[in-house]
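The structure file coords.txt is reproduced below (compact mmCIF, C-alpha atoms).
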```
# COMPACT_ATOMS: atom_id res chain seq x y z
CA MET D 95 -24.95 26.30 -0.01
CA THR D 96 -22.03 23.90 0.34
CA LEU D 97 -20.08 21.55 -1.90
CA THR D 98 -18.68 18.24 -0.67
CA ALA D 99 -15.56 16.48 -1.90
CA TYR D 100 -15.11 12.70 -2.07
CA ASN D 101 -13.73 12.63 1.50
CA ASN D 102 -17.01 14.15 2.76
CA VAL D 103 -15.50 17.49 3.80
CA PRO D 104 -17.89 20.36 2.98
CA LEU D 105 -16.80 23.67 1.43
CA PRO D 106 -18.77 26.90 1.21
CA SER D 107 -19.90 27.41 -2.37
CA LEU D 108 -18.05 30.72 -2.89
CA MET D 109 -14.59 31.75 -1.72
CA TYR D 110 -12.85 35.08 -1.21
CA GLY D 111 -9.40 35.24 -2.79
CA THR D 112 -6.65 37.43 -1.31
CA ALA D 113 -4.10 37.60 -4.14
CA TRP D 114 -2.70 41.04 -4.98
CA LYS D 115 -4.29 42.71 -1.94
CA GLU D 116 -0.96 43.67 -0.32
CA GLY D 117 -1.39 46.04 2.65
CA ALA D 118 -5.18 46.10 2.25
CA THR D 119 -5.44 42.36 2.97
CA THR D 120 -6.43 42.66 6.63
CA HIS D 121 -9.21 45.14 5.95
CA LEU D 122 -10.53 43.28 2.92
CA VAL D 123 -10.68 39.90 4.63
CA GLN D 124 -12.65 41.47 7.48
CA LEU D 125 -14.92 43.16 4.93
CA ALA D 126 -15.45 39.89 3.05
CA VAL D 127 -16.35 37.97 6.19
CA GLY D 128 -18.60 40.79 7.31
CA SER D 129 -20.32 40.62 3.93
CA GLY D 130 -21.01 36.91 4.35
CA PHE D 131 -17.99 35.00 3.04
CA THR D 132 -16.90 32.08 5.22
CA ALA D 133 -14.14 30.71 2.95
CA ILE D 134 -10.81 32.52 2.50
CA ASP D 135 -8.04 31.61 0.03
CA THR D 136 -4.41 32.66 0.45
CA ALA D 137 -0.88 31.34 -0.12
CA ASN D 138 2.52 31.45 1.58
CA GLN D 139 4.01 33.48 -1.28
CA LEU D 140 4.99 37.09 -0.76
CA ILE D 141 5.03 37.93 -4.46
CA HIS D 142 1.25 37.79 -4.66
CA TYR D 143 -0.12 37.27 -1.14
CA ARG D 144 0.15 38.51 2.45
CA GLU D 145 -0.77 35.40 4.38
CA ASP D 146 0.35 37.06 7.61
CA LEU D 147 -2.18 39.85 7.10
CA VAL D 148 -4.94 37.28 6.57
CA GLY D 149 -3.91 36.06 10.02
CA GLU D 150 -4.20 39.58 11.43
CA ALA D 151 -7.73 39.76 10.04
CA LEU D 152 -8.58 36.44 11.71
CA LEU D 153 -7.38 37.75 15.07
CA ALA D 154 -9.51 40.87 14.66
CA LEU D 155 -12.53 38.80 13.63
CA ASP D 156 -12.09 36.53 16.63
CA LYS D 157 -12.35 39.55 18.91
CA LEU D 158 -15.64 40.35 17.16
CA GLY D 159 -16.93 36.84 17.90
CA VAL D 160 -16.15 35.19 14.54
CA LYS D 161 -14.49 31.97 15.65
CA ARG D 162 -11.88 30.04 13.70
CA GLU D 163 -14.06 26.95 13.37
CA THR D 164 -16.72 28.92 11.47
CA LEU D 165 -14.28 29.76 8.66
CA PHE D 166 -12.81 27.65 5.86
CA LEU D 167 -9.13 28.55 5.43
CA GLN D 168 -7.21 27.49 2.35
CA THR D 169 -3.53 28.20 1.77
CA LYS D 170 -0.83 26.92 -0.56
CA PHE D 171 2.69 25.59 -0.76
CA THR D 172 4.48 27.56 -3.49
CA PRO D 173 7.61 25.99 -5.01
CA VAL D 174 10.85 27.97 -5.26
CA ASN D 175 10.19 28.76 -8.93
CA GLY D 176 7.07 30.65 -7.86
CA GLN D 177 8.77 32.63 -5.09
CA ASP D 178 11.21 35.51 -4.97
CA HIS D 179 14.12 35.65 -2.50
CA ARG D 180 11.68 35.74 0.45
CA THR D 181 10.95 32.01 0.60
CA PRO D 182 9.05 30.90 3.74
CA TYR D 183 11.36 27.88 3.99
CA ASP D 184 14.99 26.92 3.48
CA ALA D 185 15.26 26.90 -0.30
CA SER D 186 18.34 24.67 -0.11
CA ALA D 187 16.52 21.98 1.90
CA ASP D 188 14.96 18.87 0.40
CA LEU D 189 11.41 19.30 -0.88
CA THR D 190 9.78 17.38 1.98
CA THR D 191 11.43 19.75 4.46
CA GLN D 192 10.36 22.76 2.38
CA VAL D 193 6.72 21.64 2.55
CA GLN D 194 6.95 21.02 6.30
CA GLN D 195 8.57 24.40 6.95
CA SER D 196 6.15 26.29 4.72
CA PHE D 197 3.15 24.61 6.34
CA ALA D 198 4.43 25.39 9.85
CA SER D 199 4.95 29.00 8.76
CA SER D 200 1.39 29.15 7.43
CA LEU D 201 -0.03 27.93 10.73
CA THR D 202 1.94 30.66 12.50
CA HIS D 203 0.77 33.33 10.06
CA LEU D 204 -2.86 32.25 10.35
CA HIS D 205 -2.82 31.76 14.15
CA THR D 206 -4.30 28.29 13.88
CA ASP D 207 -3.30 24.68 14.46
CA TYR D 208 -4.89 23.38 11.25
CA VAL D 209 -6.06 24.52 7.84
CA ASN D 210 -9.13 23.33 6.00
CA SER D 211 -7.36 22.95 2.66
CA TYR D 212 -3.70 22.86 1.63
CA VAL D 213 -2.90 23.26 -2.06
CA LEU D 214 0.19 22.76 -4.20
CA HIS D 215 0.37 26.09 -6.02
CA GLY D 216 1.42 24.44 -9.25
CA PRO D 217 3.38 21.48 -10.64
CA TYR D 218 7.13 21.84 -11.15
CA SER D 219 6.83 20.77 -14.78
CA ARG D 220 4.78 22.35 -17.54
CA PHE D 221 3.81 18.95 -18.89
CA GLY D 222 3.32 15.82 -16.86
CA LEU D 223 4.50 15.25 -13.31
CA GLY D 224 8.08 14.69 -12.23
CA ASP D 225 9.91 13.45 -9.16
CA SER D 226 9.68 16.90 -7.52
CA ASP D 227 5.89 16.87 -7.81
CA ARG D 228 5.74 13.36 -6.38
CA GLU D 229 7.92 14.25 -3.38
CA VAL D 230 5.93 17.38 -2.58
CA TRP D 231 2.62 15.57 -2.96
CA ALA D 232 3.79 12.78 -0.65
CA ALA D 233 4.67 15.39 1.98
CA MET D 234 1.21 16.91 1.58
CA GLU D 235 -0.40 13.48 1.89
CA ASP D 236 1.42 13.09 5.22
CA LEU D 237 0.03 16.43 6.41
CA TYR D 238 -3.47 15.29 5.45
CA GLN D 239 -3.06 12.00 7.27
CA SER D 240 -1.83 13.86 10.36
CA GLY D 241 -5.11 15.80 10.47
CA LYS D 242 -3.38 19.18 10.21
CA THR D 243 -5.21 19.84 6.96
CA LYS D 244 -8.69 18.55 6.19
CA MET D 245 -8.14 18.53 2.42
CA ILE D 246 -5.26 18.65 -0.05
CA GLY D 247 -5.35 19.93 -3.60
CA ILE D 248 -3.47 21.28 -6.58
CA SER D 249 -3.66 24.50 -8.59
CA ASN D 250 -2.69 25.56 -12.12
CA VAL D 251 -2.87 21.97 -13.34
CA THR D 252 -3.55 20.51 -16.78
CA ALA D 253 -5.93 17.67 -17.51
CA GLY D 254 -3.02 15.35 -18.19
CA GLN D 255 -1.28 16.24 -14.95
CA LEU D 256 -4.46 15.82 -12.93
CA THR D 257 -5.17 12.43 -14.52
CA GLN D 258 -1.62 11.32 -13.72
CA LEU D 259 -1.88 12.52 -10.12
CA CYS D 260 -5.18 10.71 -9.58
CA GLU D 261 -3.65 7.51 -10.94
CA GLU D 262 -0.37 7.68 -8.99
CA ALA D 263 -1.18 9.31 -5.67
CA ARG D 264 -1.87 7.47 -2.44
CA ILE D 265 -4.44 10.17 -1.75
CA LYS D 266 -6.14 11.94 -4.66
CA PRO D 267 -6.62 15.71 -4.49
CA MET D 268 -9.89 16.87 -2.99
CA VAL D 269 -9.74 20.29 -4.68
CA VAL D 270 -8.37 21.71 -7.92
CA GLN D 271 -8.00 25.47 -8.43
CA ASN D 272 -7.48 26.79 -11.97
CA ARG D 273 -7.82 30.03 -13.88
CA CYS D 274 -11.00 29.57 -15.87
CA TYR D 275 -11.35 30.77 -19.47
CA ALA D 276 -14.59 30.73 -21.43
CA SER D 277 -12.48 30.29 -24.59
CA HIS D 278 -11.39 26.90 -23.19
CA GLY D 279 -14.90 25.80 -22.33
CA TRP D 280 -14.51 27.02 -18.75
CA ASP D 281 -11.77 24.38 -18.28
CA ARG D 282 -14.23 21.67 -19.28
CA GLU D 283 -11.74 18.80 -19.50
CA VAL D 284 -10.30 19.40 -16.03
CA ARG D 285 -13.78 19.89 -14.60
CA GLY D 286 -14.83 16.57 -16.10
CA ILE D 287 -11.95 14.77 -14.38
CA CYS D 288 -12.89 16.45 -11.12
CA GLN D 289 -16.50 15.33 -11.47
CA THR D 290 -15.40 11.74 -12.14
CA HIS D 291 -13.25 11.62 -9.00
CA GLY D 292 -15.40 13.67 -6.62
CA ILE D 293 -12.94 16.58 -6.60
CA ILE D 294 -14.18 20.13 -6.01
CA TYR D 295 -13.24 22.42 -8.91
CA GLN D 296 -12.43 25.99 -7.87
CA GLY D 297 -12.38 28.55 -10.66
CA PHE D 298 -10.53 31.85 -10.38
CA SER D 299 -10.35 34.92 -12.65
CA LEU D 300 -13.85 34.14 -13.88
CA LEU D 301 -14.45 37.83 -14.55
CA THR D 302 -10.99 39.24 -15.30
CA ALA D 303 -10.12 36.41 -17.71
CA ASN D 304 -13.42 36.77 -19.54
CA ARG D 305 -14.06 40.48 -20.03
CA GLY D 306 -15.45 39.89 -23.51
CA VAL D 307 -18.04 37.50 -22.13
CA MET D 308 -19.09 40.07 -19.56
CA ALA D 309 -19.88 42.50 -22.37
CA ASP D 310 -21.66 39.93 -24.56
CA PRO D 311 -25.23 40.98 -25.49
CA ASP D 312 -26.59 37.52 -24.59
CA ILE D 313 -25.14 37.79 -21.09
CA ARG D 314 -26.68 41.22 -20.72
CA THR D 315 -30.04 39.87 -21.87
CA ILE D 316 -29.89 37.12 -19.22
CA ALA D 317 -28.92 39.68 -16.59
CA LYS D 318 -31.89 41.84 -17.56
CA ARG D 319 -34.26 38.87 -17.25
CA LEU D 320 -32.95 38.11 -13.77
CA GLY D 321 -32.78 41.75 -12.69
CA THR D 322 -29.10 41.41 -11.95
CA ASN D 323 -25.71 42.16 -13.57
CA PRO D 324 -23.34 40.20 -15.85
CA ALA D 325 -20.93 39.33 -13.03
CA GLN D 326 -23.73 37.70 -11.06
CA VAL D 327 -24.79 35.78 -14.17
CA ILE D 328 -21.26 34.34 -14.52
CA PHE D 329 -21.09 33.36 -10.85
CA CYS D 330 -24.59 31.86 -11.04
CA PHE D 331 -23.50 29.83 -14.08
CA ALA D 332 -20.42 28.59 -12.20
CA LEU D 333 -22.48 27.49 -9.23
CA GLN D 334 -25.05 25.69 -11.37
CA ILE D 335 -22.40 23.63 -13.18
CA GLY D 336 -20.85 22.60 -9.85
CA MET D 337 -17.93 25.00 -9.82
CA LEU D 338 -16.78 26.84 -6.69
CA PRO D 339 -15.99 30.38 -7.87
CA LEU D 340 -13.45 32.66 -6.25
CA THR D 341 -13.83 36.41 -6.20
CA GLY D 342 -11.18 38.92 -5.26
CA THR D 343 -13.24 42.09 -5.46
CA THR D 344 -12.28 44.99 -3.21
CA SER D 345 -15.82 46.42 -3.24
CA GLN D 346 -18.23 45.55 -0.44
CA GLN D 347 -21.14 46.04 -2.83
CA HIS D 348 -19.62 43.54 -5.26
CA MET D 349 -18.88 41.09 -2.43
CA GLU D 350 -22.53 41.14 -1.44
CA GLU D 351 -23.67 40.89 -5.08
CA ASP D 352 -21.36 37.93 -5.73
CA LEU D 353 -22.86 36.07 -2.78
CA GLN D 354 -26.35 36.83 -4.05
CA ALA D 355 -25.58 34.77 -7.18
CA GLU D 356 -26.72 31.74 -5.17
CA SER D 357 -30.27 33.08 -5.20
CA PHE D 358 -30.63 33.21 -9.00
CA SER D 359 -31.38 30.34 -11.36
CA LEU D 360 -30.45 30.09 -15.03
CA LEU D 361 -32.59 28.28 -17.56
CA PRO D 362 -31.08 25.13 -19.15
CA GLU D 363 -30.70 26.88 -22.49
CA GLU D 364 -28.92 29.79 -20.79
CA ILE D 365 -26.46 27.42 -19.14
CA GLU D 366 -25.81 25.78 -22.51
CA LEU D 367 -25.28 29.17 -24.14
CA ILE D 368 -22.77 30.34 -21.52
CA ASP D 369 -20.98 26.99 -21.51
CA THR D 370 -19.96 27.50 -25.16
CA ILE D 371 -20.00 31.29 -25.40
CA GLY D 372 -16.29 31.88 -25.85
CA GLU D 373 -15.42 28.93 -28.06
```
Please go through the file and, once you have read it, give me the structure as structure tokens.
Amino acid sequence: MTLTAYNNVPLPSLMYGTAWKEGATTHLVQLAVGSGFTAIDTANQLIHYREDLVGEALLALDKLGVKRETLFLQTKFTPVNGQDHRTPYDASADLTTQVQQSFASSLTHLHTDYVNSYVLHGPYSRFGLGDSDREVWAAMEDLYQSGKTKMIGISNVTAGQLTQLCEEARIKPMVVQNRCYASHGWDREVRGICQTHGIIYQGFSLLTANRGVMADPDIRTIAKRLGTNPAQVIFCFALQIGMLPLTGTTSQQHMEEDLQAESFSLLPEEIELIDTIGE
């Protein structure tokens, strides 16, 4: 299964996320690809990611015959306020230079000459967009137009910020990646904006941010009907409402189970129930 953004670039329908994997990153990326994942998410931010170890996994996979062009690689530009002292760029440089240096560093880490998706890790402002966001986005638009990234996107964004970006940008985002809470309607307002503009919505922390939902008796009843487990029900729900879910599991069994969510189908009333379950 694939999803397609407004610029006609296809994405696999599930993605493996590499945050918080530290020294295990290389092994886990190889395990995820071996389990069937073809989309990998990372970031050039040493606080939470080891982008260089994703690259080591890609080299090892290449030796096993898994070629770069068969994989969808997504990485991020993380502003200074999301980094520690180990910035992958000159923190005193102008923002355009920071983006260019971080992107070049990502290509080196990942042993590639392009990425499939390049994402702004988060706006500089909590509300609205400021001049810093505009300068960084313009630099990302230039990378997209150069062909070095096939898509650009933004993460950790509010509905207001996304609306503003779509109105102001030369090139709208093709992807949005947000933490997704059932208590907020699974980010319904942002998802609605994405649907209007042909943007692919990527949801992360679907399980860890919704532990209460996982234990809900109704979810367990649905899982029993399908002969599956609550995690697969949540991923199946995400897929059926057009969301691309990320998983960061370290278990090969769970990797395989998450991918199997594509083979299940929820009833309309079950989708409606899950859509409002945490509100």
Which residues come within 10 Å of segment 186-191 of chain D, counting all atoms listed in the file, excluding same-chain residues fewer than 5 positions away, as a PDB file with C-alpha atoms, in the frame of the given file?
```pdb
ATOM      1  CA  PRO D 173       7.610  25.990  -5.010  1.00  0.00           C
ATOM      2  CA  VAL D 174      10.850  27.970  -5.260  1.00  0.00           C
ATOM      3  CA  SER D 196       6.150  26.290   4.720  1.00  0.00           C
ATOM      4  CA  PHE D 197       3.150  24.610   6.340  1.00  0.00           C
ATOM      5  CA  SER D 226       9.680  16.900  -7.520  1.00  0.00           C
ATOM      6  CA  ASP D 227       5.890  16.870  -7.810  1.00  0.00           C
ATOM      7  CA  ARG D 228       5.740  13.360  -6.380  1.00  0.00           C
ATOM      8  CA  GLU D 229       7.920  14.250  -3.380  1.00  0.00           C
ATOM      9  CA  VAL D 230       5.930  17.380  -2.580  1.00  0.00           C
ATOM     10  CA  TRP D 231       2.620  15.570  -2.960  1.00  0.00           C
ATOM     11  CA  ALA D 232       3.790  12.780  -0.650  1.00  0.00           C
ATOM     12  CA  ALA D 233       4.670  15.390   1.980  1.00  0.00           C
ATOM     13  CA  MET D 234       1.210  16.910   1.580  1.00  0.00           C
ATOM     14  CA  ASP D 236       1.420  13.090   5.220  1.00  0.00           C
TER      15      ASP D 236
END
```
What's around segment 302-310 of chain D at 8 Å? Count all atoms listed in the file, leave out sequence neighbours fewer than 2 positions away in its own chain, and write the answer as a ChimeraX atom specification. /D:273-276,299-300,312-314,324-325,328,371-372
Can you pull out every residue within 12 Å of Glu163 of chain D, counting all atoms listed in the file, but drop anything in the same chain fewer than 2 positions away, and send it as an mmCIF file with C-alpha atoms, in the coordinates of the input?
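Dumped to result-v6.cif:
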```
data_model
loop_
_atom_site.group_PDB
_atom_site.id
_atom_site.type_symbol
_atom_site.label_atom_id
_atom_site.label_comp_id
_atom_site.auth_asym_id
_atom_site.auth_seq_id
_atom_site.Cartn_x
_atom_site.Cartn_y
_atom_site.Cartn_z
ATOM 1 C CA THR D 132 -16.900 32.080 5.220
ATOM 2 C CA ALA D 133 -14.140 30.710 2.950
ATOM 3 C CA LEU D 152 -8.580 36.440 11.710
ATOM 4 C CA LEU D 155 -12.530 38.800 13.630
ATOM 5 C CA ASP D 156 -12.090 36.530 16.630
ATOM 6 C CA GLY D 159 -16.930 36.840 17.900
ATOM 7 C CA VAL D 160 -16.150 35.190 14.540
ATOM 8 C CA LYS D 161 -14.490 31.970 15.650
ATOM 9 C CA LEU D 165 -14.280 29.760 8.660
ATOM 10 C CA PHE D 166 -12.810 27.650 5.860
ATOM 11 C CA LEU D 167 -9.130 28.550 5.430
ATOM 12 C CA THR D 206 -4.300 28.290 13.880
ATOM 13 C CA ASP D 207 -3.300 24.680 14.460
ATOM 14 C CA TYR D 208 -4.890 23.380 11.250
ATOM 15 C CA VAL D 209 -6.060 24.520 7.840
ATOM 16 C CA ASN D 210 -9.130 23.330 6.000
#
```
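Interatomic distance, atom CA of Met95 of chain D to atom CA of Pro311 of chain D: 29.4 Å.
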To one decimal place in Å, what is the distance between atom CA of Gln255 of chain D and atom CA of Glu283 of chain D? 11.7 Å
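You can rank D:Thr370, D:Ser107, D:Thr243, D:Ser357 by their closest distance to Arg282 of chain D using only C-alpha atoms, and at the top of that list sits D:Thr370.
Within the 12 Å cut-off around Asn175 of chain D, using all atoms listed in the file and omitting residues fewer than 5 positions from it on the same chain, the listed residues are Gln139, Ile141, Arg180, Thr181, Ala185, His215, Gly216, Pro217, Tyr218, Ser219 and Ser226 of chain D.
The space separating atom CA of Gln354 of chain D from atom CA of Cys330 of chain D comes to 8.8 Å.
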Selecting N, CA, C and O atoms, how would segment 280-302 of chain D from this structure be written as an mmCIF file, in the first residue's frame?
```
data_model
loop_
_atom_site.group_PDB
_atom_site.id
_atom_site.type_symbol
_atom_site.label_atom_id
_atom_site.label_comp_id
_atom_site.auth_asym_id
_atom_site.auth_seq_id
_atom_site.Cartn_x
_atom_site.Cartn_y
_atom_site.Cartn_z
ATOM 1 N N TRP D 280 -7.320 12.580 17.487
ATOM 2 C CA TRP D 280 -6.259 12.095 16.595
ATOM 3 C C TRP D 280 -5.785 13.225 15.676
ATOM 4 O O TRP D 280 -5.558 13.039 14.500
ATOM 5 N N ASP D 281 -5.658 14.437 16.267
ATOM 6 C CA ASP D 281 -5.161 15.609 15.528
ATOM 7 C C ASP D 281 -6.065 15.934 14.342
ATOM 8 O O ASP D 281 -5.614 16.284 13.255
ATOM 9 N N ARG D 282 -7.367 15.874 14.594
ATOM 10 C CA ARG D 282 -8.356 15.973 13.519
ATOM 11 C C ARG D 282 -8.255 17.264 12.705
ATOM 12 O O ARG D 282 -8.375 17.247 11.477
ATOM 13 N N GLU D 283 -8.012 18.388 13.388
ATOM 14 C CA GLU D 283 -7.980 19.666 12.665
ATOM 15 C C GLU D 283 -6.791 19.723 11.706
ATOM 16 O O GLU D 283 -6.936 20.141 10.546
ATOM 17 N N VAL D 284 -5.626 19.291 12.166
ATOM 18 C CA VAL D 284 -4.450 19.280 11.291
ATOM 19 C C VAL D 284 -4.640 18.287 10.157
ATOM 20 O O VAL D 284 -4.323 18.572 8.996
ATOM 21 N N ARG D 285 -5.211 17.136 10.462
ATOM 22 C CA ARG D 285 -5.452 16.143 9.418
ATOM 23 C C ARG D 285 -6.407 16.684 8.356
ATOM 24 O O ARG D 285 -6.249 16.405 7.155
ATOM 25 N N GLY D 286 -7.393 17.462 8.792
ATOM 26 C CA GLY D 286 -8.331 18.037 7.843
ATOM 27 C C GLY D 286 -7.658 19.005 6.879
ATOM 28 O O GLY D 286 -7.954 19.021 5.674
ATOM 29 N N ILE D 287 -6.733 19.807 7.399
ATOM 30 C CA ILE D 287 -5.978 20.730 6.549
ATOM 31 C C ILE D 287 -5.129 19.936 5.555
ATOM 32 O O ILE D 287 -5.050 20.279 4.370
ATOM 33 N N CYS D 288 -4.508 18.890 6.049
ATOM 34 C CA CYS D 288 -3.698 18.038 5.170
ATOM 35 C C CYS D 288 -4.544 17.454 4.049
ATOM 36 O O CYS D 288 -4.125 17.452 2.877
ATOM 37 N N GLN D 289 -5.727 16.974 4.381
ATOM 38 C CA GLN D 289 -6.598 16.382 3.363
ATOM 39 C C GLN D 289 -6.984 17.413 2.314
ATOM 40 O O GLN D 289 -7.005 17.125 1.110
ATOM 41 N N THR D 290 -7.267 18.635 2.751
ATOM 42 C CA THR D 290 -7.647 19.705 1.829
ATOM 43 C C THR D 290 -6.544 20.014 0.828
ATOM 44 O O THR D 290 -6.808 20.269 -0.353
ATOM 45 N N HIS D 291 -5.300 19.964 1.294
ATOM 46 C CA HIS D 291 -4.170 20.389 0.456
ATOM 47 C C HIS D 291 -3.395 19.221 -0.177
ATOM 48 O O HIS D 291 -2.394 19.458 -0.860
ATOM 49 N N GLY D 292 -3.837 17.995 0.047
ATOM 50 C CA GLY D 292 -3.123 16.860 -0.533
ATOM 51 C C GLY D 292 -1.803 16.567 0.148
ATOM 52 O O GLY D 292 -0.855 16.084 -0.480
ATOM 53 N N ILE D 293 -1.744 16.857 1.451
ATOM 54 C CA ILE D 293 -0.540 16.634 2.256
ATOM 55 C C ILE D 293 -0.688 15.298 2.984
ATOM 56 O O ILE D 293 -1.758 14.974 3.503
ATOM 57 N N ILE D 294 0.392 14.522 3.033
ATOM 58 C CA ILE D 294 0.355 13.256 3.766
ATOM 59 C C ILE D 294 0.570 13.526 5.252
ATOM 60 O O ILE D 294 1.564 14.136 5.650
ATOM 61 N N TYR D 295 -0.371 13.073 6.075
ATOM 62 C CA TYR D 295 -0.257 13.219 7.529
ATOM 63 C C TYR D 295 0.411 11.991 8.113
ATOM 64 O O TYR D 295 -0.067 10.869 7.937
ATOM 65 N N GLN D 296 1.526 12.198 8.805
ATOM 66 C CA GLN D 296 2.246 11.125 9.487
ATOM 67 C C GLN D 296 2.014 11.260 10.991
ATOM 68 O O GLN D 296 2.304 12.300 11.582
ATOM 69 N N GLY D 297 1.503 10.221 11.608
ATOM 70 C CA GLY D 297 1.239 10.255 13.039
ATOM 71 C C GLY D 297 2.253 9.430 13.810
ATOM 72 O O GLY D 297 2.505 8.281 13.468
ATOM 73 N N PHE D 298 2.842 10.042 14.858
ATOM 74 C CA PHE D 298 3.763 9.271 15.695
ATOM 75 C C PHE D 298 3.264 9.219 17.135
ATOM 76 O O PHE D 298 2.377 9.974 17.524
ATOM 77 N N SER D 299 3.798 8.282 17.894
ATOM 78 C CA SER D 299 3.388 8.010 19.284
ATOM 79 C C SER D 299 1.930 7.571 19.358
ATOM 80 O O SER D 299 1.243 7.831 20.350
ATOM 81 N N LEU D 300 1.458 6.892 18.324
ATOM 82 C CA LEU D 300 0.068 6.447 18.323
ATOM 83 C C LEU D 300 -0.238 5.506 19.487
ATOM 84 O O LEU D 300 -1.351 5.503 20.013
ATOM 85 N N LEU D 301 0.742 4.727 19.884
ATOM 86 C CA LEU D 301 0.539 3.784 20.987
ATOM 87 C C LEU D 301 0.950 4.398 22.315
ATOM 88 O O LEU D 301 0.189 4.378 23.283
ATOM 89 N N THR D 302 2.158 4.965 22.374
ATOM 90 C CA THR D 302 2.683 5.462 23.648
ATOM 91 C C THR D 302 1.917 6.677 24.156
ATOM 92 O O THR D 302 1.866 6.915 25.364
#
```
